[in-house]
file structure-v8.txt (compact mmCIF, C-alpha atoms)
# COMPACT_ATOMS: atom_id res chain seq x y z
CA MET A 423 -7.57 23.63 1.30
CA ALA A 424 -9.71 23.05 4.36
CA SER A 425 -10.59 25.78 6.78
CA GLY A 426 -10.93 25.68 10.55
CA GLU A 427 -8.55 24.47 13.22
CA ASN A 428 -10.37 21.15 13.64
CA GLU A 429 -10.18 20.20 9.98
CA THR A 430 -7.48 18.99 7.64
CA HIS A 431 -7.29 18.36 3.89
CA LEU A 432 -7.33 14.60 3.51
CA VAL A 433 -10.61 13.21 2.19
CA PHE A 434 -13.56 14.46 0.22
CA ASN A 435 -16.60 15.70 2.09
CA LEU A 436 -19.38 15.51 -0.52
CA GLU A 437 -23.12 15.85 -0.55
CA GLY A 438 -24.90 13.29 -2.68
CA ALA A 439 -23.63 10.15 -4.40
CA LEU A 440 -20.26 9.77 -6.07
CA PRO A 441 -20.18 9.45 -9.87
CA ALA A 442 -20.68 5.89 -11.08
CA LYS A 443 -17.59 3.96 -12.13
CA MET A 444 -17.08 3.44 -15.84
CA GLY A 445 -14.83 0.92 -17.56
CA GLN A 446 -12.75 1.36 -20.69
CA LYS A 447 -15.61 0.23 -22.95
CA SER A 448 -17.91 2.82 -21.43
CA LEU A 449 -15.40 5.56 -22.24
CA ASN A 450 -15.10 4.58 -25.90
CA VAL A 451 -17.54 6.93 -27.61
CA GLY A 452 -18.86 5.69 -30.94
CA GLY A 453 -20.47 8.95 -31.99
CA THR A 454 -24.05 8.37 -30.87
CA LYS A 455 -25.86 11.03 -28.88
CA ASP A 456 -26.55 8.70 -25.94
CA GLU A 457 -22.87 7.75 -25.63
CA GLU A 458 -21.74 11.37 -25.77
CA GLU A 459 -24.29 12.38 -23.13
CA ARG A 460 -23.24 9.51 -20.86
CA LEU A 461 -19.56 10.43 -21.19
CA SER A 462 -20.31 14.11 -20.61
CA SER A 463 -22.29 13.28 -17.47
CA PHE A 464 -19.46 11.06 -16.22
CA LEU A 465 -16.78 13.73 -16.77
CA THR A 466 -18.94 16.44 -15.21
CA GLY A 467 -19.43 14.30 -12.12
CA TYR A 468 -15.72 13.72 -11.67
CA GLN A 469 -14.91 17.35 -12.34
CA PHE A 470 -17.31 18.21 -9.52
CA LEU A 471 -15.65 15.59 -7.30
CA LEU A 472 -12.16 16.96 -7.89
CA SER A 473 -13.24 20.55 -7.35
CA LYS A 474 -14.68 19.93 -3.88
CA GLU A 475 -12.85 20.92 -0.72
CA ARG A 476 -11.20 17.96 0.99
CA GLN A 477 -12.13 17.83 4.66
CA THR A 478 -12.17 15.48 7.60
CA SER A 479 -12.17 15.94 11.34
CA LYS A 480 -8.75 15.93 12.99
CA ARG A 481 -10.28 13.87 15.76
CA ASN A 482 -10.03 10.87 13.40
CA VAL A 483 -6.61 11.61 11.89
CA SER A 484 -3.25 10.34 13.12
CA VAL A 485 -0.05 12.31 12.53
CA ALA A 486 3.35 10.92 11.48
CA GLU A 487 6.56 12.90 11.11
CA TYR A 488 8.98 12.08 8.32
CA CYS A 489 12.33 11.40 9.96
CA SER A 490 14.89 11.48 7.16
CA GLN A 491 15.58 10.19 3.68
CA GLU A 492 18.27 7.91 5.06
CA SER A 493 16.03 5.97 7.43
CA GLY A 494 12.92 6.32 5.27
CA LYS A 495 10.77 5.86 8.37
CA LEU A 496 8.10 8.04 9.92
CA LEU A 497 7.64 8.63 13.64
CA LEU A 498 4.05 8.35 14.84
CA LYS A 499 3.31 11.54 16.78
CA VAL A 500 -0.47 11.32 17.22
CA LYS A 501 -2.33 8.01 17.27
CA LYS A 502 -6.05 7.92 16.46
CA GLY A 503 -8.36 5.06 15.53
CA GLY A 504 -8.46 1.35 16.29
CA HIS A 505 -6.39 0.03 13.37
CA TRP A 506 -2.94 0.24 14.94
CA ASN A 507 -2.72 -3.47 15.62
CA TYR A 508 -1.98 -3.82 11.89
CA TYR A 509 0.36 -0.88 11.27
CA GLY A 510 3.68 0.36 12.57
CA HIS A 511 6.48 -1.21 14.60
CA THR A 512 8.12 -0.29 17.89
CA GLU A 513 11.71 0.89 18.29
CA LYS A 514 12.92 2.12 21.69
CA SER A 515 9.35 2.58 22.97
CA GLN A 516 8.34 4.68 19.96
CA THR A 517 6.13 3.69 17.03
CA TYR A 518 7.48 4.05 13.51
CA LEU A 519 5.82 3.56 10.13
CA TYR A 520 7.29 2.39 6.87
CA PRO A 521 6.57 4.65 3.86
CA GLU A 522 4.05 2.24 2.32
CA GLU A 523 2.05 2.18 5.57
CA ALA A 524 1.96 5.96 5.97
CA LEU A 525 1.12 6.56 2.31
CA TYR A 526 -1.69 4.01 2.32
CA LEU A 527 -3.20 5.46 5.51
CA GLN A 528 -2.96 8.95 4.03
CA GLU A 529 -4.81 7.76 0.93
CA CYS A 530 -7.49 6.32 3.24
CA GLY A 531 -7.89 9.73 4.88
CA VAL A 532 -6.77 8.73 8.38
CA MET A 533 -3.15 9.90 8.33
CA GLU A 534 -1.45 13.27 8.09
CA ILE A 535 2.26 13.31 7.20
CA VAL A 536 4.35 16.27 8.31
CA SER A 537 7.98 17.32 8.08
CA THR A 538 9.99 18.28 11.15
CA GLY A 539 8.93 21.84 11.87
CA GLY A 540 6.82 21.93 8.71
CA GLY A 541 3.20 21.69 7.65
CA PRO A 542 1.14 18.74 6.40
CA TRP A 543 2.04 17.00 3.17
CA THR A 544 -0.23 16.59 0.20
CA ILE A 545 -0.61 13.09 -1.25
CA GLN A 546 1.35 14.32 -4.27
CA LYS A 547 4.30 15.26 -2.05
CA ALA A 548 4.19 11.88 -0.31
CA TYR A 549 4.27 10.07 -3.67
CA HIS A 550 7.10 12.33 -4.85
CA THR A 551 9.15 11.74 -1.69
CA PHE A 552 8.62 8.00 -1.28
CA LEU A 553 8.18 6.67 -4.80
CA ARG A 554 9.45 9.02 -7.50
CA GLY A 555 12.49 7.74 -9.37
CA ASN A 556 12.28 4.33 -7.69
CA LYS A 557 10.30 2.00 -9.93
CA SER A 558 10.80 -1.07 -7.76
CA GLN A 559 9.53 0.81 -4.69
CA LEU A 560 6.49 2.00 -6.66
CA GLN A 561 5.70 -1.58 -7.68
CA TYR A 562 6.19 -2.71 -4.09
CA TYR A 563 3.66 -0.10 -2.95
CA GLN A 564 1.20 -1.06 -5.69
CA VAL A 565 1.17 -4.67 -4.47
CA TYR A 566 1.00 -3.60 -0.82
CA ALA A 567 -1.96 -1.28 -1.45
CA ASP A 568 -3.73 -3.86 -3.63
CA LEU A 569 -3.52 -6.48 -0.88
CA LYS A 570 -4.65 -4.00 1.79
CA ARG A 571 -7.67 -2.95 -0.27
CA SER A 572 -8.57 -6.63 -0.58
CA GLY A 573 -8.70 -6.88 3.21
CA TYR A 574 -5.44 -8.70 3.95
CA ILE A 575 -3.02 -7.93 6.77
CA VAL A 576 0.35 -7.09 5.21
CA GLN A 577 3.67 -6.83 7.03
CA ARG A 578 7.32 -6.37 6.19
CA PRO A 579 9.48 -9.31 7.27
CA THR A 580 11.73 -8.99 10.28
CA VAL A 581 15.16 -10.03 9.05
CA ASN A 582 17.53 -11.83 11.36
CA PRO A 583 21.07 -10.39 10.99
CA SER A 584 22.34 -13.90 10.26
CA GLU A 585 19.91 -14.29 7.34
CA SER A 586 20.31 -12.88 3.86
CA GLN A 587 17.90 -10.09 2.99
CA ILE A 588 15.45 -10.87 0.20
CA PRO A 589 14.29 -7.56 -1.34
CA HIS A 590 10.70 -6.63 -2.15
CA LEU A 591 9.14 -9.22 0.14
CA LEU A 592 5.70 -9.03 1.78
CA LEU A 593 4.17 -11.24 4.46
CA VAL A 594 0.42 -11.65 3.99
CA TYR A 595 -2.11 -12.80 6.59
CA LYS A 596 -5.79 -13.53 6.16
CA PRO A 597 -8.10 -11.11 8.02
CA GLN A 598 -8.30 -12.05 11.70
CA LYS A 599 -9.36 -10.13 14.79
CA SER A 600 -6.85 -11.98 16.97
CA PHE A 601 -3.82 -10.80 14.93
CA LYS A 602 -0.96 -9.31 16.97
CA LYS A 603 1.84 -7.55 15.14
CA THR A 604 4.22 -8.26 18.03
CA SER A 605 3.68 -12.02 17.58
CA PRO A 606 1.96 -12.49 14.22
CA GLY A 607 2.85 -16.14 13.71
CA PRO A 608 3.68 -17.63 10.30
CA PRO A 609 2.15 -15.76 7.35
CA ASP A 610 -0.42 -17.44 5.14
CA THR A 611 1.44 -16.27 2.04
CA VAL A 612 4.87 -14.86 1.24
CA ILE A 613 4.94 -12.66 -1.86
CA THR A 614 7.90 -11.31 -3.81
CA VAL A 615 7.37 -8.34 -6.13
CA THR A 616 8.78 -8.29 -9.66
CA SER A 617 8.14 -6.62 -13.02
CA PRO A 618 7.74 -8.19 -16.50
CA HIS A 619 11.33 -7.16 -17.28
CA GLU A 620 12.76 -9.10 -14.34
CA CYS A 621 13.43 -12.81 -14.32
CA PHE A 622 11.47 -15.40 -12.37
CA PRO A 623 12.70 -15.65 -8.74
CA LEU A 624 15.88 -17.69 -8.62
CA PRO A 625 15.51 -21.30 -7.43
CA SER A 626 17.87 -20.50 -4.55
CA THR A 627 15.57 -17.64 -3.48
CA VAL A 628 12.48 -19.85 -3.60
CA ARG A 629 14.29 -22.56 -1.63
CA GLU A 630 15.34 -20.03 1.00
CA LEU A 631 11.77 -18.75 1.31
CA ARG A 632 10.51 -22.32 1.70
CA ASP A 633 13.07 -22.97 4.42
CA ARG A 634 12.36 -19.69 6.20
CA TYR A 635 8.55 -19.97 5.94
CA PRO A 636 7.82 -23.73 5.75
CA ASN A 637 4.12 -23.34 6.60
CA SER A 638 3.42 -20.52 4.13
CA GLN A 639 2.48 -20.47 0.48
CA VAL A 640 5.06 -18.79 -1.75
CA GLN A 641 3.85 -16.47 -4.50
CA TYR A 642 5.40 -13.92 -6.78
CA SER A 643 3.61 -10.91 -8.22
CA ILE A 644 4.27 -9.25 -11.55
CA VAL A 645 3.44 -5.54 -11.82
CA ASN A 646 2.89 -4.28 -15.35
CA GLY A 647 1.72 -0.68 -15.22
CA LYS A 648 -1.53 -0.74 -13.25
CA ASP A 649 -2.01 -4.49 -13.68
CA ILE A 650 -0.91 -6.88 -10.93
CA THR A 651 -0.83 -10.65 -11.45
CA TYR A 652 -0.13 -13.19 -8.69
CA TYR A 653 1.43 -16.59 -9.36
CA SER A 654 1.66 -19.43 -6.85
CA ILE A 655 4.59 -21.81 -6.53
CA TYR A 656 3.06 -25.12 -5.46
CA HIS A 657 5.69 -27.69 -6.31
CA LEU A 658 9.42 -27.39 -5.94
CA ASP A 659 9.85 -30.15 -8.51
CA ALA A 660 8.35 -27.86 -11.15
CA LEU A 661 11.28 -25.50 -10.60
CA ARG A 662 13.83 -28.34 -10.51
CA LEU A 663 14.90 -27.40 -7.03
CA THR A 664 15.31 -30.94 -5.79

call {"tool": "encode", "arguments": {"input": "structure-v8.txt", "output": "structure tokens"}}
result
Amino acid sequence: MASGENETHLVFNLEGALPAKMGQKSLNVGGTKDEEERLSSFLTGYQFLLSKERQTSKRNVSVAEYCSQESGKLLLKVKKGGHWNYYGHTEKSQTYLYPEEALYLQECGVMEIVSTGGGPWTIQKAYHTFLRGNKSQLQYYQVYADLKRSGYIVQRPTVNPSESQIPHLLLVYKPQKSFKKTSPGPPDTVITVTSPHECFPLPSTVRELRDRYPNSQVQYSIVNGKDITYYSIYHLDALRLT
């Protein structure tokens, strides 16, 4: 835990370089002395990383309050930083966040989540509250976070009451400084999230997405554990939709 009234426990504050990344092949030790020493050095570095106190200045951290399990939204109480053109939505003059937005910002070290009348959440509590026991929501967040880390602007669709709601849908925009969340324009790509155990999006769903977003590319993502694969739907004829 961090100490001091101007600090909070969100990101690591380390001296020196982080341990180098190692792939699966690097972690397969064949019994040689060099391999064992390399693995030992790698594990020691990460043990040091995990043991360090997590600190950041509260001057750079926004605060969102978890409203209720029913709404699933978070009310933005303190706004810091210049990234709010890409996060949150306004309801009755107040800014709310969806769980995937708040969790991603917390992982980035710029968001503190609190309960009404309670203290700050750990990342573990946020995962437990938002994602535990809901595999489809976990996969949805995995795709959302993957796209955000790649630099894309990602939004939830605004559903017209007269339109049917298509679950697990993300609107993706290429990075642009002129983006406005109040009038974002048509997305570059529309992505649905599925798992290997679910069927390919129904032709009727693809047709509806094409009609709703005629200027956008339609993709579907398959989440298999930690692996995410994106597939593009270029031709309606290939799906026998015509």

call {"tool": "residues_around", "arguments": {"input": "structure-v8.txt", "residues": "stretch 562-573 of chain A", "least_positions_apart": "3", "cutoff": "7 Å", "atoms": "all atoms listed in the file", "output": "ChimeraX atom specification"}}
result
/A:522,526,558-559,576,590,597,615

call {"tool": "write_last_selection", "arguments": {"input": "structure-v8.txt", "atoms": "C-alpha atoms", "output": "PDB file, keeping the file's coordinate frame"}}
result
ATOM      1  CA  GLU A 522       4.050   2.240   2.320  1.00  0.00           C
ATOM      2  CA  TYR A 526      -1.690   4.010   2.320  1.00  0.00           C
ATOM      3  CA  SER A 558      10.800  -1.070  -7.760  1.00  0.00           C
ATOM      4  CA  GLN A 559       9.530   0.810  -4.690  1.00  0.00           C
ATOM      5  CA  VAL A 576       0.350  -7.090   5.210  1.00  0.00           C
ATOM      6  CA  HIS A 590      10.700  -6.630  -2.150  1.00  0.00           C
ATOM      7  CA  PRO A 597      -8.100 -11.110   8.020  1.00  0.00           C
ATOM      8  CA  VAL A 615       7.370  -8.340  -6.130  1.00  0.00           C
TER       9      VAL A 615
END

call {"tool": "residues_around", "arguments": {"input": "structure-v8.txt", "residues": "A:Tyr520", "least_positions_apart": "6", "cutoff": "9 Å", "atoms": "all atoms listed in the file", "output": "ChimeraX atom specification"}}
result
/A:494-496,509-511,578

call {"tool": "write_last_selection", "arguments": {"input": "structure-v8.txt", "atoms": "C-alpha atoms", "output": "CSV table (one decimal), in the coordinates of the input"}}
result
chain,number,residue,atom,x,y,z
A,494,GLY,CA,12.9,6.3,5.3
A,495,LYS,CA,10.8,5.9,8.4
A,496,LEU,CA,8.1,8.0,9.9
A,509,TYR,CA,0.4,-0.9,11.3
A,510,GLY,CA,3.7,0.4,12.6
A,511,HIS,CA,6.5,-1.2,14.6
A,578,ARG,CA,7.3,-6.4,6.2

call {"tool": "atom_distance", "arguments": {"input": "structure-v8.txt", "atom1": "atom CA of A:Asn507", "atom2": "atom CA of A:Tyr595"}}
result
13.0 Å

call {"tool": "closest_residue", "arguments": {"input": "structure-v8.txt", "among": "A:Gln577, A:Glu630, A:Tyr488, A:His619", "to": "A:Lys602", "atoms": "all atoms listed in the file"}}
result
A:Gln577

call {"tool": "closest_residue", "arguments": {"input": "structure-v8.txt", "among": "A:Thr614, A:Ser654, A:Gln598, A:Thr627", "to": "A:Pro579", "atoms": "all atoms listed in the file"}}
result
A:Thr614

call {"tool": "atom_distance", "arguments": {"input": "structure-v8.txt", "atom1": "atom CA of A:Val485", "atom2": "atom CA of A:Lys557"}}
result
26.8 Å

call {"tool": "atom_distance", "arguments": {"input": "structure-v8.txt", "atom1": "atom CA of A:Ile535", "atom2": "atom CA of A:Thr512"}}
result
18.3 Å

call {"tool": "closest_residue", "arguments": {"input": "structure-v8.txt", "among": "A:Gly503, A:Gln516, A:Phe552, A:Trp543", "to": "A:Ser490", "atoms": "only C-alpha atoms"}}
result
A:Phe552

call {"tool": "residues_near_point", "arguments": {"input": "structure-v8.txt", "point": "(5.2, -12.6, -5.2)", "cutoff": "9 Å", "atoms": "all atoms listed in the file", "output": "count of residues only"}}
result
20

call {"tool": "closest_residue", "arguments": {"input": "structure-v8.txt", "among": "A:Tyr574, A:Thr604, A:Val581, A:Pro521", "to": "A:His550", "atoms": "only C-alpha atoms"}}
result
A:Pro521

call {"tool": "residues_near_point", "arguments": {"input": "structure-v8.txt", "point": "(4.7, -25.0, 2.4)", "cutoff": "10 Å", "atoms": "only C-alpha atoms", "output": "number ranges by chain"}}
result
A: 610-611, 631-633, 635-640, 655-658

call {"tool": "closest_residue", "arguments": {"input": "structure-v8.txt", "among": "A:Val645, A:Ser537, A:Leu497, A:Gly504", "to": "A:Glu523", "atoms": "all atoms listed in the file"}}
result
A:Leu497
